[in-house]
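J.: Shown below is the structure under consideration.
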There are 2 protein chains.
Amino acid sequence: MLAIGVDVGGTSVRAGVVDEQGALLDTARVGTPGGEVALEDAITGVVEELRNRHEIGAVGLAVAAFVRPDRRGVLYAPHLAWRAAPVGDRIAKRVGLPVTLEHDANAAALGEHRFGAARGAGVATLVALGTGIGAGLLLDGRIFRGAHGVAPELGHLCVVPGGRICSCGKYGCWERYCSGTALAATAIELLARHPGRSTVLAREHRGDPGSVTGRRVAGAARDGDPVARLALAELARWLGEGFALVADVYDPEVIVLGGGVSESAPLFLDEAREHYAHAVTGAGHRPLARIRTAQLGDEAAIVGAATLAREETARSNR
Amino acid sequence: MLAIGVDVGGTSVRAGVVDEQGALLDTARVGTPGGEVALEDAITGVVEELRNRHEIGAVGLAVAAFVRPDRRGVLYAPHLAWRAAPVGDRIAKRVGLPVTLEHDANAAALGEHRFGAARGAGVATLVALGTGIGAGLLLDGRIFRGAHGVAPELGHLCVVPGGRICSCGKYGCWERYCSGTALAATAIELLARHPGRSTVLAREHRGDPGSVTGRRVAGAARDGDPVARLALAELARWLGEGFALVADVYDPEVIVLGGGVSESAPLFLDEAREHYAHAVTGAGHRPLARIRTAQLGDEAAIVGAATLAREETARSNR
């Protein structure tokens with residue numbers, strides 16, 4: 001059976017047709033509109049577009065939201081138009097297919113477990129560094145969603161005592177140090193602290209402060225920019241400290257690093273592994289988690305949502 | 001079937017005979033000796049003593065240690081004589097009964113799930129405040145032990161940014177603010193900061209600084225001592241913040257507060273609940289965990305270890 005996965009992001013709605021081997025056969029995309037009705041129109045639109053070209057059995061939506069335990073509605077979506085909305089039911093009615101909702105990081109984790117870096121792991125945690133930190137936990141291949149469909153929420157664990165203030169009101173939250181946004185912020189701080197040291201990045205920042213994004217910092221580090229490298233070393237340090245917290249709470253067999261920042265993993269992941277091995281509680285007396293880079297790239301949530309929808313539909317048809 | 005549960009603590013080895021309804025029928029106790037051989041002699045001794053009086057089918061050991069995934073040995077016990085020791089196998093050989101090991105907080109959590117405050121909860125977390133913080137997570141009634149038998153380790157989550165230094169090398173760890181030890185430390189700090197305010201506690205501290213224990217602070221608060229009350233208000237605040245972290249990572253249906261400090265829960269738990277409700281990520285947009293006081297007191301680990309041993313033995317005999 002083919003299924004459609006839809007990654008409903010803050011910028012775009014991206015959909016794909018996924019087969020039983022996790023291959024992405026076809027895609028469609030549209031910008032994310034404001035407003036509940038327009039958003040559901042957009043989702044319905046990409047689903048109908050793909051359906052015209054393929055025989056589809058189920059639809060999975062990956063959303064940056066707390067999802068209802070029955071996976072048919074949204075509880076709360078801080079960056080989308082929905083508030084306590086039966087999104088799944090409404091879209092299912094419109095497209096005439098079963099619709100399964102899942103938190104986007106959970107969906108990505110499931111994708112990585114079925115077809116990527118977490119294949120076969122009994123306890124697997126996905127940590128996705130993007131605008132913030134998304135996280136997913138798979139236990140024996142099943143998404144752990146807690147009692148209310150909310151867990152896990154790791155971006156606001158305090159990793160840097162007394163560190164930067166966060167929009168959540170606390171200080172030193174993990175995602176203020178390990179995300180694309182954070183990487184840019186760190187580089188800008190370091191530029192101010194070392195006015196003589198950088199070359200390319202300093203020049204770019206003087207010309208257009210907005211040009212220093214996480215992606216740009218990683219690019220500059222690859223080109224040998226010393227301040228960009230310092231920024232990545234700082235990210236590596238706090239990433240390792242955060243992994244130690246992940247090990248404290250979940251003791252996973254594998255931690256998969258995903259999200260846009262993970263594309264630059266060769267620049268910082270070995271260093272993060274070393275910090276992790278030192279920082280974990282009981283260091284030296286316990287097995288360490290394997291830390292791996294995600295394999296499905298930014299399609300993990302699409303593949304995961306489609307796969308979950310297929311599996312759930314097969315289960316309910318049994 | 002009757003089973004024996006043994007709580008192997010740093011001070012004493014306490015054993016009890018537990019029936020299938022979780023009732024404690026008989027107990028035995030001995031001081032914890034130093035050295036591996038003497039410790040196993042002591043455990044064997046209390047087991048044999050109880051066995052002489054009851055027909056026993058299994059033995060469960062609750063230990064403050066990382067336990068091997070097969071529950072037959074210890075990986076690492078910071079406060080006991082064992083290092084990577086096949087304790088379960090050795091004691092099983094000596095007493096001629098199946099022996100199951102479990103981390104003491106996990107055992108207590110299981111006890112509370114079967115017969116106490118977490119009965120019937122799908123996702124339940126035990127947070128035990130004693131010398132430090134012990135924690136256990138039960139998913140659908142089964143102990144979650146992670147991939148390597150280590151999770152969960154919550155005492156070293158950073159709850160107070162830039163706070164007190166911890167023996168683990170980090171600052172502001174939860175157990176440095178929420179434990180019996182921490183409650184005493186907070187009271188002593190407050191006595192120094194408010195020299196005129198306290199009466200009983202200040203006098204006692206001048207007479208014998210060692211007399212200000214967590215238990216004594218709780219007692220003084222009950223008697224209206226203003227500094228003791230401030231100390232408990234501070235504990236309540238950080239307890240609530242820590243519960244918010246617990247909700248972030250596990251999203252439990254119920255959080256059970258156990259350990260010695262929980263005996264004074266009426267003095268601080270309502271306040272902790274309020275802090276928790278404010279501090280949790282997505283506050284106001286998600287269901288809250290119920291927060292309850294443990295019901296089995298300091299026998300939870302004995303009851304839990306015995307029950308686990310009985311259940312495991314029944315399963316392997318099937």
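Chain labels run A, B, ... following the order of the structure tokens; each chain numbers its residues from 1, and ligands are numbered from 1 in the order shown.
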I want to know what sits within 7 Å of B:Arg14, based on only C-alpha atoms, with residues of the same chain fewer than 3 positions away left out; could you give that as an MDAnalysis selection string?

T.: chainID B and resid 6:8 28:30

J.: Give the residues of chain A that lie within 7 Å of chain B; count only C-alpha atoms, and format the answer as a PDB file with N, CA and C atoms, in the first residue's frame.

T.:
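Final output, saved to iface_27.pdb:
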ATOM      1  N   TYR A  76      -2.587  21.474  20.740  1.00  0.00           N
ATOM      2  CA  TYR A  76      -2.001  22.805  20.846  1.00  0.00           C
ATOM      3  C   TYR A  76      -0.842  22.892  19.862  1.00  0.00           C
ATOM      4  N   GLY A 122      16.077  -0.952  20.206  1.00  0.00           N
ATOM      5  CA  GLY A 122      15.007  -1.139  21.184  1.00  0.00           C
ATOM      6  C   GLY A 122      14.583   0.166  21.840  1.00  0.00           C
ATOM      7  N   VAL A 123      15.544   0.993  22.179  1.00  0.00           N
ATOM      8  CA  VAL A 123      15.277   2.321  22.742  1.00  0.00           C
ATOM      9  C   VAL A 123      16.040   3.328  21.892  1.00  0.00           C
ATOM     10  N   GLY A 146       3.761   9.405  25.955  1.00  0.00           N
ATOM     11  CA  GLY A 146       3.361   9.785  27.305  1.00  0.00           C
ATOM     12  C   GLY A 146       1.882   9.528  27.533  1.00  0.00           C
ATOM     13  N   ALA A 147       1.390  10.017  28.648  1.00  0.00           N
ATOM     14  CA  ALA A 147       0.000   9.781  29.002  1.00  0.00           C
ATOM     15  C   ALA A 147      -0.937  10.689  28.211  1.00  0.00           C
ATOM     16  N   HIS A 148      -0.443  11.847  27.784  1.00  0.00           N
ATOM     17  CA  HIS A 148      -1.325  12.837  27.149  1.00  0.00           C
ATOM     18  C   HIS A 148      -0.887  13.196  25.738  1.00  0.00           C
ATOM     19  N   VAL A 150       2.090  14.236  24.775  1.00  0.00           N
ATOM     20  CA  VAL A 150       2.919  15.437  24.766  1.00  0.00           C
ATOM     21  C   VAL A 150       4.423  15.121  24.746  1.00  0.00           C
ATOM     22  N   ALA A 151       4.839  14.092  25.454  1.00  0.00           N
ATOM     23  CA  ALA A 151       6.284  13.792  25.569  1.00  0.00           C
ATOM     24  C   ALA A 151       6.836  13.341  24.229  1.00  0.00           C
ATOM     25  N   PRO A 152       8.119  13.491  24.030  1.00  0.00           N
ATOM     26  CA  PRO A 152       9.090  14.210  24.839  1.00  0.00           C
ATOM     27  C   PRO A 152       9.328  15.635  24.347  1.00  0.00           C
ATOM     28  N   GLU A 153       9.636  16.477  25.283  1.00  0.00           N
ATOM     29  CA  GLU A 153       9.873  17.902  25.013  1.00  0.00           C
ATOM     30  C   GLU A 153      11.235  18.221  25.629  1.00  0.00           C
ATOM     31  N   LEU A 154      12.290  18.127  24.832  1.00  0.00           N
ATOM     32  CA  LEU A 154      13.639  18.224  25.397  1.00  0.00           C
ATOM     33  C   LEU A 154      14.295  19.593  25.202  1.00  0.00           C
ATOM     34  N   LEU A 157      15.032  21.655  28.415  1.00  0.00           N
ATOM     35  CA  LEU A 157      15.866  21.187  29.520  1.00  0.00           C
ATOM     36  C   LEU A 157      16.990  22.196  29.696  1.00  0.00           C
ATOM     37  N   CYS A 158      17.316  22.481  30.949  1.00  0.00           N
ATOM     38  CA  CYS A 158      18.390  23.436  31.205  1.00  0.00           C
ATOM     39  C   CYS A 158      19.737  22.744  31.041  1.00  0.00           C
ATOM     40  N   VAL A 159      20.498  23.204  30.074  1.00  0.00           N
ATOM     41  CA  VAL A 159      21.804  22.614  29.795  1.00  0.00           C
ATOM     42  C   VAL A 159      22.923  23.594  30.160  1.00  0.00           C
ATOM     43  N   PRO A 161      23.591  26.339  32.746  1.00  0.00           N
ATOM     44  CA  PRO A 161      23.134  27.072  33.931  1.00  0.00           C
ATOM     45  C   PRO A 161      23.421  28.567  33.810  1.00  0.00           C
ATOM     46  N   GLY A 162      22.388  29.371  34.036  1.00  0.00           N
ATOM     47  CA  GLY A 162      22.570  30.812  33.951  1.00  0.00           C
ATOM     48  C   GLY A 162      22.794  31.309  32.534  1.00  0.00           C
ATOM     49  N   LEU A 245      22.047  14.324  29.326  1.00  0.00           N
ATOM     50  CA  LEU A 245      20.712  14.382  29.944  1.00  0.00           C
ATOM     51  C   LEU A 245      19.784  13.363  29.304  1.00  0.00           C
ATOM     52  N   ASP A 248      20.500  10.186  30.745  1.00  0.00           N
ATOM     53  CA  ASP A 248      19.982  10.115  32.120  1.00  0.00           C
ATOM     54  C   ASP A 248      18.503   9.735  32.134  1.00  0.00           C
ATOM     55  N   VAL A 249      17.732  10.312  31.233  1.00  0.00           N
ATOM     56  CA  VAL A 249      16.284  10.088  31.316  1.00  0.00           C
ATOM     57  C   VAL A 249      15.807   8.896  30.501  1.00  0.00           C
ATOM     58  N   TYR A 250      16.467   8.592  29.377  1.00  0.00           N
ATOM     59  CA  TYR A 250      15.975   7.496  28.530  1.00  0.00           C
ATOM     60  C   TYR A 250      16.940   6.324  28.392  1.00  0.00           C
ATOM     61  N   ASP A 251      18.223   6.519  28.707  1.00  0.00           N
ATOM     62  CA  ASP A 251      19.207   5.444  28.536  1.00  0.00           C
ATOM     63  C   ASP A 251      19.041   4.750  27.182  1.00  0.00           C
ATOM     64  N   PRO A 252      19.106   5.510  26.076  1.00  0.00           N
ATOM     65  CA  PRO A 252      18.822   4.892  24.781  1.00  0.00           C
ATOM     66  C   PRO A 252      19.989   4.061  24.251  1.00  0.00           C
ATOM     67  N   GLU A 253      19.654   3.157  23.357  1.00  0.00           N
ATOM     68  CA  GLU A 253      20.669   2.376  22.657  1.00  0.00           C
ATOM     69  C   GLU A 253      21.322   3.262  21.600  1.00  0.00           C
ATOM     70  N   HIS A 285      31.141   3.733  33.962  1.00  0.00           N
ATOM     71  CA  HIS A 285      30.566   2.555  34.607  1.00  0.00           C
ATOM     72  C   HIS A 285      29.307   2.078  33.903  1.00  0.00           C
ATOM     73  N   PRO A 287      27.343   1.409  29.784  1.00  0.00           N
ATOM     74  CA  PRO A 287      27.506   1.448  28.330  1.00  0.00           C
ATOM     75  C   PRO A 287      26.984   2.788  27.804  1.00  0.00           C
TER      76      PRO A 287
END

J.: Considering only C-alpha atoms, return as a PyMOL selection string whatever protein or nucleic-acid residues lie within 12 Å of B:Ala108, sequence-local ones (same chain, fewer than 3 positions apart) excluded.

T.: chain B and resi 5-7+60-64+102-105+111-118+124-128+134-138+143+256-259+294-308

J.: Tell me, in Å to one decimal, how far atom CA of A:Val18 is from atom CA of A:Ile43.

T.: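 Taking atom CA of A:Val18 as the start and atom CA of A:Ile43 as the end point, the length is 16.4 Å.
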
J.: Give me, as a ChimeraX atom specification, all polymer residues having an atom no more than 9 Å from B:Asp225, counting only C-alpha atoms and skipping those fewer than 2 positions away in the same chain.

T.: /B:197-201,217,219-223,227-230

J.: Once you have the residues from the selection above, write them out as a PDB file, in the first residue's frame, restricted to N, CA and C atoms.

T.:
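The result, written out as part_23.pdb:
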ATOM      1  N   ARG B 197      15.522  35.762  62.562  1.00  0.00           N
ATOM      2  CA  ARG B 197      14.168  35.262  62.318  1.00  0.00           C
ATOM      3  C   ARG B 197      13.786  33.944  62.968  1.00  0.00           C
ATOM      4  N   SER B 198      14.740  33.032  63.041  1.00  0.00           N
ATOM      5  CA  SER B 198      14.322  31.731  63.544  1.00  0.00           C
ATOM      6  C   SER B 198      14.451  31.670  65.054  1.00  0.00           C
ATOM      7  N   THR B 199      13.786  30.721  65.636  1.00  0.00           N
ATOM      8  CA  THR B 199      13.890  30.572  67.085  1.00  0.00           C
ATOM      9  C   THR B 199      14.499  29.209  67.388  1.00  0.00           C
ATOM     10  N   VAL B 200      13.677  28.183  67.355  1.00  0.00           N
ATOM     11  CA  VAL B 200      14.129  26.842  67.721  1.00  0.00           C
ATOM     12  C   VAL B 200      15.301  26.389  66.863  1.00  0.00           C
ATOM     13  N   LEU B 201      15.107  26.492  65.533  1.00  0.00           N
ATOM     14  CA  LEU B 201      16.094  25.940  64.614  1.00  0.00           C
ATOM     15  C   LEU B 201      17.450  26.645  64.779  1.00  0.00           C
ATOM     16  N   VAL B 217      14.148  19.823  60.076  1.00  0.00           N
ATOM     17  CA  VAL B 217      13.608  21.046  59.467  1.00  0.00           C
ATOM     18  C   VAL B 217      12.101  20.892  59.259  1.00  0.00           C
ATOM     19  N   GLY B 219      10.107  18.991  60.920  1.00  0.00           N
ATOM     20  CA  GLY B 219       9.480  19.047  62.250  1.00  0.00           C
ATOM     21  C   GLY B 219       9.341  20.480  62.739  1.00  0.00           C
ATOM     22  N   ALA B 220      10.399  21.266  62.566  1.00  0.00           N
ATOM     23  CA  ALA B 220      10.368  22.663  63.021  1.00  0.00           C
ATOM     24  C   ALA B 220       9.321  23.447  62.230  1.00  0.00           C
ATOM     25  N   ALA B 221       9.195  23.153  60.930  1.00  0.00           N
ATOM     26  CA  ALA B 221       8.180  23.841  60.114  1.00  0.00           C
ATOM     27  C   ALA B 221       6.794  23.528  60.634  1.00  0.00           C
ATOM     28  N   ARG B 222       6.599  22.258  60.988  1.00  0.00           N
ATOM     29  CA  ARG B 222       5.296  21.857  61.533  1.00  0.00           C
ATOM     30  C   ARG B 222       4.986  22.633  62.812  1.00  0.00           C
ATOM     31  N   ASP B 223       6.033  22.951  63.576  1.00  0.00           N
ATOM     32  CA  ASP B 223       5.862  23.730  64.812  1.00  0.00           C
ATOM     33  C   ASP B 223       5.818  25.229  64.555  1.00  0.00           C
ATOM     34  N   VAL B 227      11.906  30.089  59.622  1.00  0.00           N
ATOM     35  CA  VAL B 227      12.992  29.766  58.694  1.00  0.00           C
ATOM     36  C   VAL B 227      12.794  28.362  58.098  1.00  0.00           C
ATOM     37  N   ALA B 228      12.337  27.443  58.921  1.00  0.00           N
ATOM     38  CA  ALA B 228      12.041  26.095  58.417  1.00  0.00           C
ATOM     39  C   ALA B 228      10.955  26.169  57.341  1.00  0.00           C
ATOM     40  N   ARG B 229       9.985  27.068  57.551  1.00  0.00           N
ATOM     41  CA  ARG B 229       8.919  27.218  56.553  1.00  0.00           C
ATOM     42  C   ARG B 229       9.453  27.793  55.249  1.00  0.00           C
ATOM     43  N   LEU B 230      10.366  28.757  55.380  1.00  0.00           N
ATOM     44  CA  LEU B 230      10.997  29.299  54.172  1.00  0.00           C
ATOM     45  C   LEU B 230      11.754  28.210  53.422  1.00  0.00           C
TER      46      LEU B 230
END

J.: Pull the strand (DSSP E or B) assignments for stretch 93-221 of chain A out of DSSP run on the backbone, and list those residues as a ChimeraX atom specification.

T.: /A:99-103,123-129,133-139,142-143,158,165,171,173

J.: Hey, can you spit out that residue selection with N, CA and C atoms as an mmCIF file, in the first residue's frame?

T.:
data_model
loop_
_atom_site.group_PDB
_atom_site.id
_atom_site.type_symbol
_atom_site.label_atom_id
_atom_site.label_comp_id
_atom_site.auth_asym_id
_atom_site.auth_seq_id
_atom_site.Cartn_x
_atom_site.Cartn_y
_atom_site.Cartn_z
ATOM 1 N N VAL A 99 -6.838 9.357 8.103
ATOM 2 C CA VAL A 99 -5.784 10.346 8.368
ATOM 3 C C VAL A 99 -5.259 10.163 9.796
ATOM 4 N N THR A 100 -3.953 10.049 9.921
ATOM 5 C CA THR A 100 -3.300 9.882 11.223
ATOM 6 C C THR A 100 -2.387 11.073 11.476
ATOM 7 N N LEU A 101 -2.542 11.700 12.643
ATOM 8 C CA LEU A 101 -1.666 12.824 12.999
ATOM 9 C C LEU A 101 -0.531 12.349 13.891
ATOM 10 N N GLU A 102 0.588 12.993 13.776
ATOM 11 C CA GLU A 102 1.666 12.729 14.714
ATOM 12 C C GLU A 102 2.541 13.967 14.839
ATOM 13 N N HIS A 103 3.105 14.157 16.011
ATOM 14 C CA HIS A 103 4.097 15.210 16.241
ATOM 15 C C HIS A 103 5.238 15.011 15.241
ATOM 16 N N VAL A 123 15.544 0.993 22.179
ATOM 17 C CA VAL A 123 15.277 2.321 22.742
ATOM 18 C C VAL A 123 16.040 3.328 21.892
ATOM 19 N N ALA A 124 15.318 4.161 21.157
ATOM 20 C CA ALA A 124 15.961 5.116 20.255
ATOM 21 C C ALA A 124 15.409 6.506 20.494
ATOM 22 N N THR A 125 16.291 7.482 20.586
ATOM 23 C CA THR A 125 15.876 8.872 20.739
ATOM 24 C C THR A 125 16.341 9.657 19.524
ATOM 25 N N LEU A 126 15.418 10.421 18.937
ATOM 26 C CA LEU A 126 15.791 11.359 17.886
ATOM 27 C C LEU A 126 15.899 12.744 18.501
ATOM 28 N N VAL A 127 16.985 13.434 18.204
ATOM 29 C CA VAL A 127 17.138 14.828 18.612
ATOM 30 C C VAL A 127 17.337 15.616 17.328
ATOM 31 N N ALA A 128 16.360 16.436 16.970
ATOM 32 C CA ALA A 128 16.407 17.159 15.700
ATOM 33 C C ALA A 128 16.686 18.626 15.964
ATOM 34 N N LEU A 129 17.834 19.102 15.452
ATOM 35 C CA LEU A 129 18.210 20.505 15.628
ATOM 36 C C LEU A 129 17.771 21.305 14.409
ATOM 37 N N ILE A 133 14.630 22.609 19.096
ATOM 38 C CA ILE A 133 14.964 21.183 19.189
ATOM 39 C C ILE A 133 13.676 20.387 19.216
ATOM 40 N N GLY A 134 13.561 19.436 18.311
ATOM 41 C CA GLY A 134 12.461 18.480 18.344
ATOM 42 C C GLY A 134 13.006 17.152 18.819
ATOM 43 N N ALA A 135 12.185 16.368 19.475
ATOM 44 C CA ALA A 135 12.668 15.086 19.972
ATOM 45 C C ALA A 135 11.596 14.027 19.856
ATOM 46 N N GLY A 136 12.029 12.808 19.658
ATOM 47 C CA GLY A 136 11.114 11.674 19.614
ATOM 48 C C GLY A 136 11.768 10.485 20.290
ATOM 49 N N LEU A 137 10.952 9.663 20.912
ATOM 50 C CA LEU A 137 11.454 8.470 21.600
ATOM 51 C C LEU A 137 10.700 7.259 21.072
ATOM 52 N N LEU A 138 11.429 6.258 20.604
ATOM 53 C CA LEU A 138 10.794 5.019 20.151
ATOM 54 C C LEU A 138 11.188 3.882 21.081
ATOM 55 N N LEU A 139 10.187 3.176 21.587
ATOM 56 C CA LEU A 139 10.420 2.024 22.462
ATOM 57 C C LEU A 139 9.940 0.779 21.729
ATOM 58 N N ARG A 142 7.828 1.489 18.809
ATOM 59 C CA ARG A 142 6.586 2.253 18.954
ATOM 60 C C ARG A 142 6.877 3.639 19.505
ATOM 61 N N ILE A 143 6.158 4.623 18.993
ATOM 62 C CA ILE A 143 6.334 5.995 19.458
ATOM 63 C C ILE A 143 5.864 6.113 20.897
ATOM 64 N N CYS A 158 17.316 22.481 30.949
ATOM 65 C CA CYS A 158 18.390 23.436 31.205
ATOM 66 C C CYS A 158 19.737 22.744 31.041
ATOM 67 N N ILE A 165 18.492 33.668 28.036
ATOM 68 C CA ILE A 165 17.072 33.570 28.357
ATOM 69 C C ILE A 165 16.344 32.979 27.155
ATOM 70 N N TYR A 171 16.147 30.085 31.715
ATOM 71 C CA TYR A 171 17.494 30.433 31.225
ATOM 72 C C TYR A 171 18.262 29.167 30.858
ATOM 73 N N CYS A 173 18.122 27.087 28.291
ATOM 74 C CA CYS A 173 17.449 25.944 27.659
ATOM 75 C C CYS A 173 18.319 25.383 26.528
#

J.: Within 10 Å of A:Ala185, counting only C-alpha atoms, which residues qualify if same-chain residues fewer than 3 places away don't, as a PyMOL selection string?

T.: chain A and resi 176-177+179-182+188-191+212-214+217+231

J.: What does the file look like for those residues with C-alpha atoms, as a PDB file, in the first residue's frame?

T.:
ATOM      1  CA  ARG A 176      19.074  28.201  22.945  1.00  0.00           C
ATOM      2  CA  TYR A 177      22.513  26.568  22.478  1.00  0.00           C
ATOM      3  CA  SER A 179      19.766  24.653  17.062  1.00  0.00           C
ATOM      4  CA  GLY A 180      20.300  26.506  13.830  1.00  0.00           C
ATOM      5  CA  THR A 181      19.063  29.690  15.492  1.00  0.00           C
ATOM      6  CA  ALA A 182      21.421  29.145  18.411  1.00  0.00           C
ATOM      7  CA  ILE A 188      27.399  36.662  16.500  1.00  0.00           C
ATOM      8  CA  GLU A 189      28.372  36.723  20.187  1.00  0.00           C
ATOM      9  CA  LEU A 190      31.815  35.379  19.330  1.00  0.00           C
ATOM     10  CA  LEU A 191      32.291  37.931  16.560  1.00  0.00           C
ATOM     11  CA  VAL A 212      24.598  35.070   9.633  1.00  0.00           C
ATOM     12  CA  THR A 213      22.311  32.034   9.853  1.00  0.00           C
ATOM     13  CA  GLY A 214      23.126  28.619  11.288  1.00  0.00           C
ATOM     14  CA  VAL A 217      28.025  29.571  10.058  1.00  0.00           C
ATOM     15  CA  ALA A 231      30.796  28.546  17.402  1.00  0.00           C
TER      16      ALA A 231
END

J.: As an exercise, work out the distance from atom CA of A:Gly130 to atom CA of A:Val261 in Å and give it to one decimal place.

T.: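 Going from atom CA of A:Gly130 over to atom CA of A:Val261 covers 6.2 Å.
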
J.: At a cut-off of 9 Å, using only C-alpha atoms, what residues contact B:His79? Leave out same-chain residues fewer than 4 positions from it and give the result as number ranges by chain.

T.: B: 9-10, 64-65

J.: From a backbone DSSP assignment, name each residue in stretch 1-185 of chain A labelled alpha helix (DSSP H), as a PyMOL selection string.

T.: chain A and resi 36-51+87-95+104-115+180-185

J.: Which distance in Å separates atom CA of B:Gly141 and atom CA of B:Val46, to one decimal?

T.: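 Taking atom CA of B:Gly141 and atom CA of B:Val46, their separation equals 28.7 Å.
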
J.: Identify which of the residues A:Gly120, A:Arg193, A:Ala187, A:Pro226 lies closest to A:Ser211, counting only C-alpha atoms when measuring atom-to-atom distances.

T.: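 Nearest candidate to A:Ser211 out of A:Gly120, A:Arg193, A:Ala187, A:Pro226: A:Ala187.
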
J.: Using only C-alpha atoms, which protein or nucleic acid residues come within 8 Å of B:Ala218? Drop anything in the same chain fewer than 6 positions from it, and give the result as a PyMOL selection string.

T.: chain B and resi 228+232+264+267
